[in-house]
>>> print(open('model_36.cif').read())   # mmCIF, N, CA and C atoms
data_my_file
loop_
_atom_site.label_atom_id
_atom_site.label_comp_id
_atom_site.auth_asym_id
_atom_site.auth_seq_id
_atom_site.Cartn_x
_atom_site.Cartn_y
_atom_site.Cartn_z
N MET A 27 -18.30 10.38 11.58
CA MET A 27 -18.01 9.77 10.32
C MET A 27 -17.22 8.49 10.57
N SER A 28 -17.59 7.45 9.84
CA SER A 28 -16.84 6.21 9.91
C SER A 28 -16.68 5.66 8.49
N TYR A 29 -15.63 4.88 8.31
CA TYR A 29 -15.44 4.27 7.00
C TYR A 29 -14.73 2.94 7.12
N LYS A 30 -14.94 2.11 6.10
CA LYS A 30 -14.28 0.82 6.01
C LYS A 30 -13.69 0.71 4.61
N LEU A 31 -12.39 0.51 4.55
CA LEU A 31 -11.67 0.40 3.29
C LEU A 31 -11.08 -0.99 3.21
N ARG A 32 -11.36 -1.68 2.08
CA ARG A 32 -10.83 -3.04 1.94
C ARG A 32 -10.63 -3.37 0.47
N TYR A 33 -9.85 -4.40 0.26
CA TYR A 33 -9.62 -4.94 -1.08
C TYR A 33 -10.34 -6.27 -1.18
N ASP A 34 -11.09 -6.47 -2.26
CA ASP A 34 -11.80 -7.72 -2.50
C ASP A 34 -11.06 -8.48 -3.61
N PRO A 35 -10.35 -9.56 -3.26
CA PRO A 35 -9.58 -10.29 -4.27
C PRO A 35 -10.47 -11.00 -5.30
N LYS A 36 -11.70 -11.35 -4.94
CA LYS A 36 -12.59 -12.04 -5.88
C LYS A 36 -12.91 -11.17 -7.08
N THR A 37 -13.11 -9.87 -6.83
CA THR A 37 -13.49 -8.95 -7.90
C THR A 37 -12.34 -8.04 -8.32
N ASN A 38 -11.21 -8.17 -7.63
CA ASN A 38 -10.06 -7.28 -7.86
C ASN A 38 -10.52 -5.82 -7.80
N CYS A 39 -11.12 -5.49 -6.66
CA CYS A 39 -11.73 -4.17 -6.49
C CYS A 39 -11.44 -3.63 -5.08
N VAL A 40 -11.13 -2.35 -5.02
CA VAL A 40 -11.02 -1.66 -3.74
C VAL A 40 -12.42 -1.15 -3.41
N ILE A 41 -12.86 -1.40 -2.19
CA ILE A 41 -14.20 -1.00 -1.76
C ILE A 41 -14.08 -0.09 -0.55
N LEU A 42 -14.73 1.06 -0.64
CA LEU A 42 -14.77 2.02 0.45
C LEU A 42 -16.22 2.29 0.79
N ARG A 43 -16.60 2.04 2.04
CA ARG A 43 -17.94 2.34 2.52
C ARG A 43 -17.82 3.43 3.59
N VAL A 44 -18.56 4.51 3.39
CA VAL A 44 -18.46 5.66 4.28
C VAL A 44 -19.85 5.96 4.83
N GLU A 45 -19.89 6.35 6.11
CA GLU A 45 -21.13 6.81 6.74
C GLU A 45 -20.83 8.11 7.48
N GLY A 46 -21.81 9.02 7.49
CA GLY A 46 -21.65 10.27 8.21
C GLY A 46 -21.35 11.43 7.28
N ARG A 47 -20.80 12.48 7.84
CA ARG A 47 -20.51 13.72 7.09
C ARG A 47 -19.19 13.58 6.34
N VAL A 48 -19.20 13.92 5.05
CA VAL A 48 -18.01 13.82 4.21
C VAL A 48 -17.63 15.21 3.72
N THR A 49 -16.36 15.56 3.93
CA THR A 49 -15.83 16.84 3.47
C THR A 49 -14.66 16.57 2.53
N ILE A 50 -14.23 17.61 1.85
CA ILE A 50 -13.08 17.48 0.96
C ILE A 50 -11.82 17.11 1.75
N ASP A 51 -11.71 17.58 2.99
CA ASP A 51 -10.56 17.22 3.82
C ASP A 51 -10.51 15.72 4.08
N LEU A 52 -11.67 15.12 4.30
CA LEU A 52 -11.73 13.68 4.51
C LEU A 52 -11.30 12.94 3.24
N ILE A 53 -11.77 13.41 2.10
CA ILE A 53 -11.38 12.79 0.83
C ILE A 53 -9.87 12.90 0.63
N CYS A 54 -9.30 14.04 0.99
CA CYS A 54 -7.85 14.23 0.87
C CYS A 54 -7.07 13.25 1.74
N ARG A 55 -7.66 12.83 2.87
CA ARG A 55 -7.00 11.88 3.76
C ARG A 55 -7.20 10.43 3.29
N MET A 56 -8.37 10.12 2.72
CA MET A 56 -8.67 8.74 2.33
C MET A 56 -8.10 8.37 0.95
N ALA A 57 -8.07 9.30 0.03
CA ALA A 57 -7.66 9.00 -1.34
C ALA A 57 -6.26 8.39 -1.44
N PRO A 58 -5.26 8.87 -0.69
CA PRO A 58 -3.94 8.23 -0.77
C PRO A 58 -3.96 6.77 -0.31
N GLN A 59 -4.83 6.44 0.63
CA GLN A 59 -4.96 5.05 1.08
C GLN A 59 -5.51 4.19 -0.05
N VAL A 60 -6.51 4.71 -0.76
CA VAL A 60 -7.08 4.01 -1.90
C VAL A 60 -6.00 3.82 -2.97
N ALA A 61 -5.26 4.87 -3.26
CA ALA A 61 -4.20 4.81 -4.27
C ALA A 61 -3.16 3.76 -3.91
N ARG A 62 -2.78 3.71 -2.65
CA ARG A 62 -1.78 2.74 -2.20
C ARG A 62 -2.26 1.31 -2.42
N ILE A 63 -3.51 1.03 -2.05
CA ILE A 63 -4.04 -0.33 -2.22
C ILE A 63 -4.14 -0.67 -3.71
N CYS A 64 -4.61 0.27 -4.51
CA CYS A 64 -4.70 0.03 -5.95
C CYS A 64 -3.33 -0.30 -6.53
N ALA A 65 -2.32 0.43 -6.12
CA ALA A 65 -0.96 0.19 -6.63
C ALA A 65 -0.41 -1.15 -6.14
N GLU A 66 -0.59 -1.46 -4.86
CA GLU A 66 -0.08 -2.70 -4.30
C GLU A 66 -0.72 -3.93 -4.95
N ARG A 67 -1.99 -3.84 -5.23
CA ARG A 67 -2.75 -4.99 -5.75
C ARG A 67 -2.90 -4.97 -7.27
N GLU A 68 -2.32 -3.96 -7.90
CA GLU A 68 -2.49 -3.77 -9.35
C GLU A 68 -3.97 -3.81 -9.71
N CYS A 69 -4.73 -3.07 -8.95
CA CYS A 69 -6.18 -3.03 -9.05
C CYS A 69 -6.62 -1.79 -9.83
N ARG A 70 -7.57 -1.96 -10.72
CA ARG A 70 -8.06 -0.84 -11.53
C ARG A 70 -9.55 -0.62 -11.36
N ARG A 71 -10.12 -1.11 -10.24
CA ARG A 71 -11.54 -0.89 -9.95
C ARG A 71 -11.69 -0.37 -8.53
N PHE A 72 -12.56 0.62 -8.38
CA PHE A 72 -12.79 1.23 -7.08
C PHE A 72 -14.27 1.52 -6.92
N LEU A 73 -14.89 0.90 -5.90
CA LEU A 73 -16.29 1.14 -5.57
C LEU A 73 -16.34 1.97 -4.30
N ASN A 74 -16.88 3.18 -4.42
CA ASN A 74 -16.98 4.11 -3.30
C ASN A 74 -18.45 4.25 -2.93
N ASP A 75 -18.85 3.59 -1.85
CA ASP A 75 -20.25 3.57 -1.40
C ASP A 75 -20.46 4.65 -0.35
N MET A 76 -21.07 5.74 -0.77
CA MET A 76 -21.33 6.87 0.12
C MET A 76 -22.83 7.11 0.28
N ARG A 77 -23.64 6.06 0.15
CA ARG A 77 -25.09 6.20 0.24
C ARG A 77 -25.55 6.72 1.60
N LYS A 78 -24.82 6.40 2.64
CA LYS A 78 -25.21 6.77 4.00
C LYS A 78 -24.42 7.96 4.51
N THR A 79 -24.17 8.91 3.62
CA THR A 79 -23.40 10.09 4.01
C THR A 79 -24.18 11.37 3.78
N GLU A 80 -23.66 12.40 4.38
CA GLU A 80 -24.06 13.77 4.07
C GLU A 80 -22.82 14.38 3.42
N ILE A 81 -22.92 14.67 2.13
CA ILE A 81 -21.77 15.20 1.40
C ILE A 81 -21.75 16.71 1.55
N ASP A 82 -20.72 17.21 2.22
CA ASP A 82 -20.61 18.63 2.55
C ASP A 82 -19.46 19.23 1.72
N PHE A 83 -19.73 19.43 0.43
CA PHE A 83 -18.75 19.99 -0.50
C PHE A 83 -19.26 21.31 -1.03
N SER A 84 -18.37 22.26 -1.15
CA SER A 84 -18.71 23.51 -1.83
C SER A 84 -18.60 23.29 -3.33
N PHE A 85 -19.04 24.24 -4.10
CA PHE A 85 -18.90 24.19 -5.56
C PHE A 85 -17.43 24.05 -5.94
N VAL A 86 -16.58 24.80 -5.28
CA VAL A 86 -15.13 24.75 -5.55
C VAL A 86 -14.58 23.37 -5.21
N ASP A 87 -15.03 22.78 -4.08
CA ASP A 87 -14.58 21.44 -3.71
C ASP A 87 -14.92 20.43 -4.81
N LEU A 88 -16.13 20.52 -5.33
CA LEU A 88 -16.56 19.61 -6.40
C LEU A 88 -15.68 19.79 -7.63
N PHE A 89 -15.44 21.03 -7.97
CA PHE A 89 -14.65 21.36 -9.15
C PHE A 89 -13.21 20.89 -9.01
N GLU A 90 -12.66 20.97 -7.81
CA GLU A 90 -11.27 20.60 -7.56
C GLU A 90 -11.08 19.12 -7.24
N SER A 91 -12.15 18.36 -7.07
CA SER A 91 -12.01 16.96 -6.65
C SER A 91 -11.18 16.11 -7.62
N PRO A 92 -11.25 16.30 -8.95
CA PRO A 92 -10.36 15.51 -9.81
C PRO A 92 -8.88 15.78 -9.53
N LYS A 93 -8.56 17.01 -9.20
CA LYS A 93 -7.18 17.37 -8.86
C LYS A 93 -6.74 16.64 -7.59
N VAL A 94 -7.65 16.52 -6.63
CA VAL A 94 -7.35 15.80 -5.39
C VAL A 94 -7.00 14.36 -5.70
N MET A 95 -7.75 13.74 -6.60
CA MET A 95 -7.46 12.35 -6.99
C MET A 95 -6.09 12.25 -7.66
N ASP A 96 -5.81 13.19 -8.57
CA ASP A 96 -4.51 13.19 -9.24
C ASP A 96 -3.37 13.31 -8.22
N GLU A 97 -3.50 14.25 -7.31
CA GLU A 97 -2.44 14.49 -6.33
C GLU A 97 -2.29 13.35 -5.33
N SER A 98 -3.36 12.60 -5.10
CA SER A 98 -3.31 11.50 -4.13
C SER A 98 -2.71 10.24 -4.72
N GLY A 99 -2.63 10.19 -6.05
CA GLY A 99 -2.08 9.01 -6.69
C GLY A 99 -3.12 8.06 -7.26
N VAL A 100 -4.41 8.41 -7.15
CA VAL A 100 -5.45 7.60 -7.79
C VAL A 100 -5.38 7.92 -9.28
N THR A 101 -4.87 6.96 -10.04
CA THR A 101 -4.60 7.23 -11.45
C THR A 101 -5.89 7.27 -12.27
N ARG A 102 -5.77 7.87 -13.42
CA ARG A 102 -6.92 7.98 -14.32
C ARG A 102 -7.28 6.66 -14.96
N THR A 103 -6.45 5.64 -14.79
CA THR A 103 -6.75 4.32 -15.32
C THR A 103 -7.67 3.52 -14.40
N VAL A 104 -7.90 4.01 -13.19
CA VAL A 104 -8.78 3.33 -12.24
C VAL A 104 -10.23 3.65 -12.60
N LYS A 105 -11.01 2.61 -12.80
CA LYS A 105 -12.44 2.74 -13.08
C LYS A 105 -13.15 2.89 -11.74
N ARG A 106 -13.81 4.05 -11.55
CA ARG A 106 -14.39 4.38 -10.25
C ARG A 106 -15.90 4.52 -10.33
N ALA A 107 -16.59 3.77 -9.47
CA ALA A 107 -18.04 3.90 -9.32
C ALA A 107 -18.30 4.55 -7.97
N LEU A 108 -18.97 5.68 -8.00
CA LEU A 108 -19.31 6.42 -6.78
C LEU A 108 -20.81 6.35 -6.58
N VAL A 109 -21.23 5.80 -5.43
CA VAL A 109 -22.65 5.70 -5.11
C VAL A 109 -22.96 6.75 -4.06
N VAL A 110 -23.87 7.67 -4.40
CA VAL A 110 -24.16 8.82 -3.55
C VAL A 110 -25.59 8.75 -3.02
N PRO A 111 -25.89 9.52 -1.98
CA PRO A 111 -27.26 9.58 -1.48
C PRO A 111 -28.19 10.21 -2.53
N VAL A 112 -29.44 9.84 -2.48
CA VAL A 112 -30.43 10.38 -3.40
C VAL A 112 -30.47 11.90 -3.32
N ALA A 113 -30.28 12.44 -2.15
CA ALA A 113 -30.38 13.89 -1.93
C ALA A 113 -29.19 14.69 -2.47
N PHE A 114 -28.16 14.02 -2.94
CA PHE A 114 -26.98 14.72 -3.44
C PHE A 114 -27.26 15.27 -4.83
N GLU A 115 -27.64 16.52 -4.90
CA GLU A 115 -28.10 17.15 -6.14
C GLU A 115 -26.97 17.44 -7.12
N GLU A 116 -25.75 17.50 -6.66
CA GLU A 116 -24.62 17.88 -7.50
C GLU A 116 -23.95 16.69 -8.17
N ALA A 117 -24.58 15.52 -8.12
CA ALA A 117 -23.98 14.29 -8.65
C ALA A 117 -23.61 14.42 -10.13
N GLU A 118 -24.51 14.95 -10.92
CA GLU A 118 -24.25 15.06 -12.36
C GLU A 118 -23.10 16.03 -12.63
N PHE A 119 -23.06 17.14 -11.89
CA PHE A 119 -21.97 18.10 -12.05
C PHE A 119 -20.63 17.45 -11.70
N LEU A 120 -20.58 16.74 -10.58
CA LEU A 120 -19.36 16.07 -10.16
C LEU A 120 -18.89 15.08 -11.22
N GLU A 121 -19.80 14.28 -11.73
CA GLU A 121 -19.44 13.29 -12.75
C GLU A 121 -18.90 13.98 -14.01
N THR A 122 -19.58 15.03 -14.45
CA THR A 122 -19.17 15.74 -15.67
C THR A 122 -17.79 16.37 -15.51
N VAL A 123 -17.57 17.07 -14.42
CA VAL A 123 -16.27 17.71 -14.17
C VAL A 123 -15.16 16.68 -14.13
N THR A 124 -15.42 15.58 -13.47
CA THR A 124 -14.40 14.54 -13.31
C THR A 124 -14.09 13.85 -14.64
N ARG A 125 -15.12 13.51 -15.37
CA ARG A 125 -14.91 12.85 -16.67
C ARG A 125 -14.25 13.80 -17.67
N ASN A 126 -14.62 15.08 -17.62
CA ASN A 126 -14.00 16.06 -18.52
C ASN A 126 -12.51 16.22 -18.26
N ARG A 127 -12.07 15.85 -17.09
CA ARG A 127 -10.65 15.93 -16.76
C ARG A 127 -9.94 14.59 -16.93
N GLY A 128 -10.58 13.66 -17.61
CA GLY A 128 -9.92 12.43 -17.99
C GLY A 128 -10.03 11.27 -17.03
N HIS A 129 -10.84 11.40 -16.00
CA HIS A 129 -11.01 10.31 -15.04
C HIS A 129 -12.17 9.42 -15.46
N ASN A 130 -12.07 8.13 -15.17
CA ASN A 130 -13.11 7.17 -15.51
C ASN A 130 -14.02 6.99 -14.29
N LEU A 131 -14.90 7.95 -14.06
CA LEU A 131 -15.80 7.96 -12.92
C LEU A 131 -17.24 8.04 -13.40
N MET A 132 -18.08 7.22 -12.79
CA MET A 132 -19.53 7.32 -13.00
C MET A 132 -20.16 7.42 -11.61
N VAL A 133 -21.18 8.26 -11.51
CA VAL A 133 -21.88 8.47 -10.25
C VAL A 133 -23.24 7.79 -10.34
N PHE A 134 -23.58 7.07 -9.28
CA PHE A 134 -24.82 6.30 -9.21
C PHE A 134 -25.55 6.58 -7.91
N ARG A 135 -26.83 6.27 -7.92
CA ARG A 135 -27.63 6.31 -6.69
C ARG A 135 -28.04 4.90 -6.28
N ASP A 136 -27.80 3.93 -7.16
CA ASP A 136 -28.16 2.54 -6.92
C ASP A 136 -26.90 1.68 -6.94
N ILE A 137 -26.66 0.94 -5.88
CA ILE A 137 -25.44 0.14 -5.74
C ILE A 137 -25.36 -0.96 -6.80
N LYS A 138 -26.51 -1.57 -7.13
CA LYS A 138 -26.51 -2.64 -8.13
C LYS A 138 -26.11 -2.11 -9.50
N GLU A 139 -26.62 -0.94 -9.87
CA GLU A 139 -26.24 -0.34 -11.15
C GLU A 139 -24.75 0.00 -11.16
N ALA A 140 -24.25 0.50 -10.03
CA ALA A 140 -22.83 0.84 -9.93
C ALA A 140 -21.96 -0.40 -10.14
N LYS A 141 -22.32 -1.50 -9.50
CA LYS A 141 -21.56 -2.74 -9.64
C LYS A 141 -21.65 -3.29 -11.06
N ARG A 142 -22.83 -3.22 -11.64
CA ARG A 142 -23.01 -3.70 -13.02
C ARG A 142 -22.06 -2.95 -13.97
N TRP A 143 -22.00 -1.63 -13.82
CA TRP A 143 -21.10 -0.82 -14.67
C TRP A 143 -19.63 -1.12 -14.36
N LEU A 144 -19.30 -1.14 -13.06
CA LEU A 144 -17.92 -1.29 -12.65
C LEU A 144 -17.31 -2.62 -13.10
N PHE A 145 -18.09 -3.69 -13.04
CA PHE A 145 -17.57 -5.01 -13.36
C PHE A 145 -17.81 -5.42 -14.81
N SER A 146 -18.36 -4.53 -15.61
CA SER A 146 -18.50 -4.81 -17.04
C SER A 146 -17.19 -4.44 -17.73
N ASP A 147 -16.92 -5.11 -18.81
CA ASP A 147 -15.67 -4.81 -19.53
C ASP A 147 -15.93 -4.25 -20.89
#
>>> encode(input="model_36.cif", output="structure tokens")
Amino acid sequence: MSYKLRYDPKTNCVILRVEGRVTIDLICRMAPQVARICAERECRRFLNDMRKTEIDFSFVDLFESPKVMDESGVTRTVKRALVVPVAFEEAEFLETVTRNRGHNLMVFRDIKEAKRWLFSD
């Protein structure tokens, strides 16, 4: 697994690109880094590009993922676009659970659609 985390000042957006196998433990390690950058830059946009990953989450992991974001410091005011592989069948469930818990997350399979939504006001 590899990842690149950066802040783009042109779009005022934190961008995370991940490749390889993704587990809830990895998310628990990366989310505080995202939260720190968002806080430092007063940034309210986060693009998480996971198109080139294998998402290895259990049902419980998916259900608990909003709590992980809360505990890591990624606030509910951050608008988050998550781009997942086409084969990730649980995308709709993840989006529903997360939005039902007050987070502004949309899940996409197309990066252009994700950016269009994320940068719209």
>>> select_by_dssp(input="model_36.cif", residues="chain A", states="strand (DSSP E)", output="ChimeraX atom specification")
/A:28-34,39-48,71-81,105-109,130-134
>>> resolve_selection(input="model_36.cif", expression="the PyMOL selection byres ((chain A and resi 73-85) around 5)", output="PyMOL selection string")
chain A and resi 40-49+71-72+86-89+107-111
>>> closest_residue(input="model_36.cif", among="A:Arg127, A:Arg106, A:Arg70, A:Arg55", to="A:Ala140", atoms="only N, CA and C atoms")
A:Arg106
>>> closest_residue(input="model_36.cif", among="A:Leu144, A:Ala57, A:Val133, A:Cys64", to="A:Val94", atoms="all atoms listed in the file")
A:Ala57
>>> residues_around(input="model_36.cif", residues="A:Glu121", least_positions_apart="4", cutoff="6.5 Å", atoms="all atoms listed in the file", output="MDAnalysis selection string")
chainID A and resid 116:117 125:126 131:133
>>> axis_aligned_box(input="model_36.cif", around="stretch 123-134 of chain A", padding_each_side="3 Å", output="AutoDock Vina command-line options")
--center_x -17.7 --center_y 12.0 --center_z -13.2 --size_x 21.6 --size_y 17.4 --size_z 16.6
>>> atom_distance(input="model_36.cif", atom1="atom CA of A:His129", atom2="atom N of A:Arg142")
18.3 Å
>>> closest_residue(input="model_36.cif", among="A:Asp136, A:Asp51, A:Gln59, A:Lys93", to="A:Leu31", atoms="all atoms listed in the file")
A:Gln59
>>> atom_distance(input="model_36.cif", atom1="atom C of A:Val60", atom2="atom C of A:Gly99")
6.7 Å
>>> atom_distance(input="model_36.cif", atom1="atom C of A:Val104", atom2="atom CA of A:Arg135")
18.6 Å
>>> residues_near_point(input="model_36.cif", point="(-2.2, -6.8, -4.0)", cutoff="12 Å", atoms="only C-alpha atoms", output="ChimeraX atom specification")
/A:32-36,38-40,61-70
>>> write_last_selection(input="model_36.cif", atoms="N, CA and C atoms", output="compact mmCIF listing (two decimals), in the frame of the given file")
# COMPACT_ATOMS: atom_id res chain seq x y z
N ARG A 32 -11.36 -1.68 2.08
CA ARG A 32 -10.83 -3.04 1.94
C ARG A 32 -10.63 -3.37 0.47
N TYR A 33 -9.85 -4.40 0.26
CA TYR A 33 -9.62 -4.94 -1.08
C TYR A 33 -10.34 -6.27 -1.18
N ASP A 34 -11.09 -6.47 -2.26
CA ASP A 34 -11.80 -7.72 -2.50
C ASP A 34 -11.06 -8.48 -3.61
N PRO A 35 -10.35 -9.56 -3.26
CA PRO A 35 -9.58 -10.29 -4.27
C PRO A 35 -10.47 -11.00 -5.30
N LYS A 36 -11.70 -11.35 -4.94
CA LYS A 36 -12.59 -12.04 -5.88
C LYS A 36 -12.91 -11.17 -7.08
N ASN A 38 -11.21 -8.17 -7.63
CA ASN A 38 -10.06 -7.28 -7.86
C ASN A 38 -10.52 -5.82 -7.80
N CYS A 39 -11.12 -5.49 -6.66
CA CYS A 39 -11.73 -4.17 -6.49
C CYS A 39 -11.44 -3.63 -5.08
N VAL A 40 -11.13 -2.35 -5.02
CA VAL A 40 -11.02 -1.66 -3.74
C VAL A 40 -12.42 -1.15 -3.41
N ALA A 61 -5.26 4.87 -3.26
CA ALA A 61 -4.20 4.81 -4.27
C ALA A 61 -3.16 3.76 -3.91
N ARG A 62 -2.78 3.71 -2.65
CA ARG A 62 -1.78 2.74 -2.20
C ARG A 62 -2.26 1.31 -2.42
N ILE A 63 -3.51 1.03 -2.05
CA ILE A 63 -4.04 -0.33 -2.22
C ILE A 63 -4.14 -0.67 -3.71
N CYS A 64 -4.61 0.27 -4.51
CA CYS A 64 -4.70 0.03 -5.95
C CYS A 64 -3.33 -0.30 -6.53
N ALA A 65 -2.32 0.43 -6.12
CA ALA A 65 -0.96 0.19 -6.63
C ALA A 65 -0.41 -1.15 -6.14
N GLU A 66 -0.59 -1.46 -4.86
CA GLU A 66 -0.08 -2.70 -4.30
C GLU A 66 -0.72 -3.93 -4.95
N ARG A 67 -1.99 -3.84 -5.23
CA ARG A 67 -2.75 -4.99 -5.75
C ARG A 67 -2.90 -4.97 -7.27
N GLU A 68 -2.32 -3.96 -7.90
CA GLU A 68 -2.49 -3.77 -9.35
C GLU A 68 -3.97 -3.81 -9.71
N CYS A 69 -4.73 -3.07 -8.95
CA CYS A 69 -6.18 -3.03 -9.05
C CYS A 69 -6.62 -1.79 -9.83
N ARG A 70 -7.57 -1.96 -10.72
CA ARG A 70 -8.06 -0.84 -11.53
C ARG A 70 -9.55 -0.62 -11.36
>>> decode(input="model_36.cif", residues="stretch 46-70 of chain A", atoms="C-alpha atoms", output="PDB file, in the first residue's frame")
ATOM      1  CA  GLY A  46      -3.057  -1.081  -2.731  1.00  0.00           C
ATOM      2  CA  ARG A  47      -4.960  -2.768   0.085  1.00  0.00           C
ATOM      3  CA  VAL A  48      -6.900  -0.470   2.434  1.00  0.00           C
ATOM      4  CA  THR A  49      -8.028  -1.527   5.899  1.00  0.00           C
ATOM      5  CA  ILE A  50      -9.759   0.299   8.718  1.00  0.00           C
ATOM      6  CA  ASP A  51      -6.422   0.353  10.577  1.00  0.00           C
ATOM      7  CA  LEU A  52      -4.879   2.296   7.709  1.00  0.00           C
ATOM      8  CA  ILE A  53      -7.765   4.763   7.754  1.00  0.00           C
ATOM      9  CA  CYS A  54      -7.276   5.193  11.513  1.00  0.00           C
ATOM     10  CA  ARG A  55      -3.628   6.132  10.860  1.00  0.00           C
ATOM     11  CA  MET A  56      -4.260   8.465   7.890  1.00  0.00           C
ATOM     12  CA  ALA A  57      -7.362  10.334   9.089  1.00  0.00           C
ATOM     13  CA  PRO A  58      -5.574  12.331  11.838  1.00  0.00           C
ATOM     14  CA  GLN A  59      -3.069  13.541   9.222  1.00  0.00           C
ATOM     15  CA  VAL A  60      -5.951  14.734   7.035  1.00  0.00           C
ATOM     16  CA  ALA A  61      -7.570  16.425  10.041  1.00  0.00           C
ATOM     17  CA  ARG A  62      -4.333  18.201  10.929  1.00  0.00           C
ATOM     18  CA  ILE A  63      -3.882  19.601   7.408  1.00  0.00           C
ATOM     19  CA  CYS A  64      -7.530  20.678   7.235  1.00  0.00           C
ATOM     20  CA  ALA A  65      -7.176  22.510  10.547  1.00  0.00           C
ATOM     21  CA  GLU A  66      -3.829  24.126   9.681  1.00  0.00           C
ATOM     22  CA  ARG A  67      -5.051  25.372   6.297  1.00  0.00           C
ATOM     23  CA  GLU A  68      -8.630  26.124   7.351  1.00  0.00           C
ATOM     24  CA  CYS A  69      -9.632  23.775   4.558  1.00  0.00           C
ATOM     25  CA  ARG A  70     -13.135  22.331   4.230  1.00  0.00           C
TER      26      ARG A  70
END
